[in-house]
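What follows is a set of notes on a single structure, which appears directly below.
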Amino acid sequence: MMVLGLETSCDETGIAIYDSERGLLGDALYSQVDMHAVYGGVIPELASRDHIRKTLPMIRQLLADKNIAATSIDGIAYTAGPGLIGALLVGAALGRSLAMAWNVPAVGVHHMEGHLLAPMLEANPPEFPFVALLVSGGHTQLVAVKGIGEYTLLGESLDDAAGEAFDKVAKMLGLNYPGGPRVAALATQGTPGRFVFPRPMTNRPGLDFSFSGLKTFVRNTLADLEGAPEGISEQDKADVALAFEEAVVQTLVIKCRRALQDSGLRRLIIAGGVSANTRLRAGLEAMVQAQRSQLFYAQPRFCTDNGAMIAYAGCQRLLAGQREGLAINARPRWPMDTLPSLKSLSGV
């Protein structure tokens, strides 16, 4: 089955074609970062309008570049949520309309399920079951995964997601949007050990996260530095960025180790935009080696929002028989544990 995938949940337009037998045939991505950077963050209305301008031309271009006729497409997958409602509706309306015009089935894909399954696009994909750390601008969750659609939430952030905390700290440091990668870049210039920030909620049982207190700790540290006679220097900012990044990474590592121990599983996958963070990958690699476990993640270009993960996830659900009706549905909020499993869809 050859599936066209559309991702328009936020500020990136992702298009991909995935074939169940030949794998990923092609993908394209357009980022709106430069447009939103002027405003210091994503403007939902501007994001929606840009998706309208870009999505259909990108589909045409990808089909032409890969010499694939529209008549060869067997199904369409689009991100139905969670995300910005206007942006989601662009992909949902276009995906559903193309499916009707081409007389093929369509399926709405859960954005975070797409991220969770992104490591399946790699040459050495993980086998089920495993523990998944979903860590992005909007989500920080630990999930036990028995199969596609068989998800048990182990823990989640009670306030800011890790990526959201990165973005807010970036603003405190005077860094431009997008904040996360800029904080990570600045941290490479930091002095190890100058500041040690708390590792929130690691001294209590459970697998939930909280990053709001850490964010406040950063703000107070910067206020103290700014109040000093010499003021705050660029080196001070780099040292704070490093201490913050180390605190987030070690918190995630501690919770992932606990999740593996509690679940008895030996495979860990990380997915979502923050999973591209090199310090996080290094910390988790060291942890899984000590635990005699395995770590899996997607290549960096498939960690952020992209069409390939949506095409893959949608293909699996279409093969299992899932179909959308004629209604165009988008869900800005959508708990992942409400998704049907492939076993229930196929009647196994």
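FYI, nothing fancy with the structure tokens labels: chains A, B, ... in order, residues from 1 per chain, ligands from 1 as they appear.
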
Which residues, written as a PDB file with C-alpha atoms, in the first residue's frame, have at least one atom at most 7 Å from stretch 29-36 of chain A, with only C-alpha atoms counted and residues fewer than 5 positions away on the same chain left out?
ATOM      1  CA  ASP A  11       4.587  25.479  12.008  1.00  0.00           C
ATOM      2  CA  GLU A  12       6.011  22.911   9.599  1.00  0.00           C
ATOM      3  CA  THR A  13       4.441  21.525   6.446  1.00  0.00           C
ATOM      4  CA  GLY A  14       5.512  17.910   5.968  1.00  0.00           C
ATOM      5  CA  ILE A  15       4.707  15.720   2.962  1.00  0.00           C
ATOM      6  CA  GLY A  41       6.793  32.334  18.667  1.00  0.00           C
ATOM      7  CA  VAL A  42       4.152  30.655  16.514  1.00  0.00           C
ATOM      8  CA  ILE A  43       1.213  32.832  15.404  1.00  0.00           C
ATOM      9  CA  ASN A 306       7.507  15.618   9.441  1.00  0.00           C
TER      10      ASN A 306
END

Point to revise | All residues 10 Å or closer to A:Gly321, only C-alpha atoms, same chain fewer than 5 positions away omitted, as a ChimeraX atom specification | key: /A:105,107,315-316,342,345-347

For those residues, write C-alpha atoms to a file as a short mmCIF file (atom, residue, chain, number, x, y, z; two decimals), in the first residue's frame.
data_model
loop_
_atom_site.label_atom_id
_atom_site.label_comp_id
_atom_site.auth_asym_id
_atom_site.auth_seq_id
_atom_site.Cartn_x
_atom_site.Cartn_y
_atom_site.Cartn_z
CA PRO A 105 -9.36 5.68 1.91
CA VAL A 107 -7.16 8.13 8.02
CA CYS A 315 -0.14 3.17 6.50
CA GLN A 316 -0.20 0.76 9.46
CA LEU A 342 -4.41 -2.61 15.43
CA LEU A 345 -9.22 -3.12 14.17
CA SER A 346 -8.25 -6.42 12.58
CA GLY A 347 -10.43 -8.44 14.98
#

Point to revise | Nearby residues (only C-alpha atoms) at most 12 Å from A:Leu326, same-chain spacing under 6 positions excluded, as a list in words | key: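 The contact residues come out as Ala92, Ala93, Gly95, Arg96, Ser97, Leu98, Ala99, Met100, Ala101, Asn103, Val104, Pro105, Ala106, Val107 and Gly108 of chain A.
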
Could you turn the residues from that selection into a file that holds all heavy atoms, as a short mmCIF file (atom, residue, chain, number, x, y, z; two decimals), in the first residue's frame?
data_model
loop_
_atom_site.label_atom_id
_atom_site.label_comp_id
_atom_site.auth_asym_id
_atom_site.auth_seq_id
_atom_site.Cartn_x
_atom_site.Cartn_y
_atom_site.Cartn_z
N ALA A 92 -6.36 18.25 7.31
CA ALA A 92 -7.52 17.35 7.34
C ALA A 92 -8.44 17.58 6.15
O ALA A 92 -8.90 16.64 5.50
CB ALA A 92 -8.28 17.53 8.65
N ALA A 93 -8.72 18.85 5.85
CA ALA A 93 -9.61 19.16 4.73
C ALA A 93 -8.99 18.74 3.39
O ALA A 93 -9.66 18.15 2.54
CB ALA A 93 -9.94 20.65 4.72
N GLY A 95 -6.50 16.52 2.92
CA GLY A 95 -6.32 15.07 2.87
C GLY A 95 -7.62 14.36 2.58
O GLY A 95 -7.67 13.45 1.73
N ARG A 96 -8.69 14.77 3.26
CA ARG A 96 -9.99 14.13 3.04
C ARG A 96 -10.52 14.41 1.64
O ARG A 96 -11.12 13.54 0.99
CB ARG A 96 -11.00 14.61 4.10
CG ARG A 96 -12.26 13.76 4.17
CD ARG A 96 -11.91 12.36 4.64
NE ARG A 96 -12.93 11.36 4.32
CZ ARG A 96 -13.07 10.76 3.15
NH1 ARG A 96 -12.28 11.08 2.13
NH2 ARG A 96 -13.97 9.83 2.98
N SER A 97 -10.28 15.62 1.14
CA SER A 97 -10.75 15.98 -0.20
C SER A 97 -10.01 15.22 -1.28
O SER A 97 -10.62 14.73 -2.25
CB SER A 97 -10.60 17.49 -0.42
OG SER A 97 -11.35 18.22 0.52
N LEU A 98 -8.69 15.10 -1.13
CA LEU A 98 -7.92 14.33 -2.11
C LEU A 98 -8.33 12.86 -2.10
O LEU A 98 -8.41 12.22 -3.16
CB LEU A 98 -6.42 14.46 -1.82
CG LEU A 98 -5.76 15.79 -2.15
CD1 LEU A 98 -4.30 15.79 -1.71
CD2 LEU A 98 -5.86 16.10 -3.65
N ALA A 99 -8.59 12.33 -0.91
CA ALA A 99 -9.02 10.93 -0.82
C ALA A 99 -10.33 10.73 -1.56
O ALA A 99 -10.52 9.71 -2.26
CB ALA A 99 -9.16 10.52 0.64
N MET A 100 -11.24 11.69 -1.43
CA MET A 100 -12.52 11.59 -2.12
C MET A 100 -12.32 11.70 -3.63
O MET A 100 -12.90 10.94 -4.41
CB MET A 100 -13.47 12.68 -1.62
CG MET A 100 -14.89 12.57 -2.16
SD MET A 100 -15.92 13.94 -1.59
CE MET A 100 -15.81 13.74 0.19
N ALA A 101 -11.48 12.65 -4.06
CA ALA A 101 -11.25 12.85 -5.48
C ALA A 101 -10.54 11.66 -6.12
O ALA A 101 -10.84 11.29 -7.27
CB ALA A 101 -10.43 14.12 -5.70
N ASN A 103 -10.61 8.61 -4.85
CA ASN A 103 -11.35 7.38 -4.50
C ASN A 103 -10.47 6.39 -3.75
O ASN A 103 -10.40 5.20 -4.07
CB ASN A 103 -11.93 6.73 -5.76
CG ASN A 103 -12.98 5.67 -5.42
OD1 ASN A 103 -13.66 5.77 -4.40
ND2 ASN A 103 -13.10 4.66 -6.26
N VAL A 104 -9.79 6.92 -2.72
CA VAL A 104 -8.96 6.07 -1.86
C VAL A 104 -9.33 6.36 -0.40
O VAL A 104 -9.91 7.40 -0.09
CB VAL A 104 -7.45 6.33 -2.07
CG1 VAL A 104 -7.04 5.97 -3.49
CG2 VAL A 104 -7.09 7.78 -1.75
N PRO A 105 -9.03 5.45 0.50
CA PRO A 105 -9.36 5.68 1.91
C PRO A 105 -8.44 6.71 2.55
O PRO A 105 -7.30 6.93 2.10
CB PRO A 105 -9.17 4.30 2.56
CG PRO A 105 -8.16 3.63 1.68
CD PRO A 105 -8.44 4.11 0.28
N ALA A 106 -8.93 7.34 3.61
CA ALA A 106 -8.14 8.30 4.37
C ALA A 106 -8.21 7.95 5.84
O ALA A 106 -9.16 7.32 6.31
CB ALA A 106 -8.68 9.72 4.15
N VAL A 107 -7.19 8.36 6.58
CA VAL A 107 -7.16 8.13 8.02
C VAL A 107 -6.52 9.33 8.71
O VAL A 107 -5.52 9.88 8.22
CB VAL A 107 -6.41 6.82 8.36
CG1 VAL A 107 -4.94 6.91 7.99
CG2 VAL A 107 -6.57 6.48 9.83
N GLY A 108 -7.12 9.76 9.81
CA GLY A 108 -6.54 10.82 10.62
C GLY A 108 -5.59 10.22 11.64
O GLY A 108 -5.94 9.30 12.38
#

Check your understanding: Could you pull the residues within 9 Å of stretch 249-261 of chain A, counting only C-alpha atoms, minus those fewer than 2 positions along the same chain, as a PyMOL selection string?
Key -> chain A and resi 130-133+142-144+154-155+198-202+206-209+244-247+263-268+279-281+283-284+287-288+291+293

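When only C-alpha atoms are used to measure the gap to A:Tyr177, the shortest distance among A:Leu339, A:Ile73, A:Leu225, A:Glu164 belongs to A:Glu164.
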
Review point. Just asking: which residues within stretch 76-172 of chain A are strand (DSSP E or B) according to DSSP, as a ChimeraX atom specification?
Key: /A:76-81,106-110,130-135,140-147,150-157

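Each of A:Gly179, A:Gly23, A:Gly81, A:Pro57 was compared to A:Pro332 using only C-alpha atoms, and A:Gly81 turns out to be the nearest.
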
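Look at A:Asp65: the protein and nucleic acid residues within 10 Å of it, using only C-alpha atoms and passing over chain neighbours fewer than 5 places away, are Gly26, Ile59 and Arg60 of chain A.
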
Limited to N, CA and C atoms, could you put the picked residues into a file as a PDB file, in the first residue's frame?
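Saved to result.pdb:
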ATOM      1  N   GLY A  26       9.831   9.033  -0.457  1.00  0.00           N
ATOM      2  CA  GLY A  26      10.224  10.430  -0.578  1.00  0.00           C
ATOM      3  C   GLY A  26       9.511  11.277   0.456  1.00  0.00           C
ATOM      4  N   ILE A  59       2.764  18.751  -2.445  1.00  0.00           N
ATOM      5  CA  ILE A  59       2.312  17.418  -2.863  1.00  0.00           C
ATOM      6  C   ILE A  59       2.603  17.213  -4.350  1.00  0.00           C
ATOM      7  N   ARG A  60       2.229  18.186  -5.140  1.00  0.00           N
ATOM      8  CA  ARG A  60       2.461  18.085  -6.590  1.00  0.00           C
ATOM      9  C   ARG A  60       3.946  17.929  -6.889  1.00  0.00           C
TER      10      ARG A  60
END

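Using only C-alpha atoms, the protein and nucleic acid residues lying no more than 9 Å from A:Leu318, apart from those fewer than 5 places from it along its own chain, are Met1, Val3, Gly75, Ile76, Ala77, Pro105, Ala106, Val107, Ala313 and Arg323 of chain A.
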
Put those residues in a file: C-alpha atoms, as a short mmCIF file (atom, residue, chain, number, x, y, z; two decimals), in the first residue's frame.
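The resulting result_12.cif:
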data_model
loop_
_atom_site.label_atom_id
_atom_site.label_comp_id
_atom_site.auth_asym_id
_atom_site.auth_seq_id
_atom_site.Cartn_x
_atom_site.Cartn_y
_atom_site.Cartn_z
CA MET A 1 0.00 0.00 0.00
CA VAL A 3 0.29 6.18 1.37
CA GLY A 75 -4.46 5.92 0.79
CA ILE A 76 -3.98 9.26 2.51
CA ALA A 77 -2.93 9.92 6.10
CA PRO A 105 -9.36 5.68 1.91
CA ALA A 106 -8.14 8.30 4.37
CA VAL A 107 -7.16 8.13 8.02
CA ALA A 313 1.62 5.52 11.09
CA ARG A 323 -10.98 4.43 7.70
#
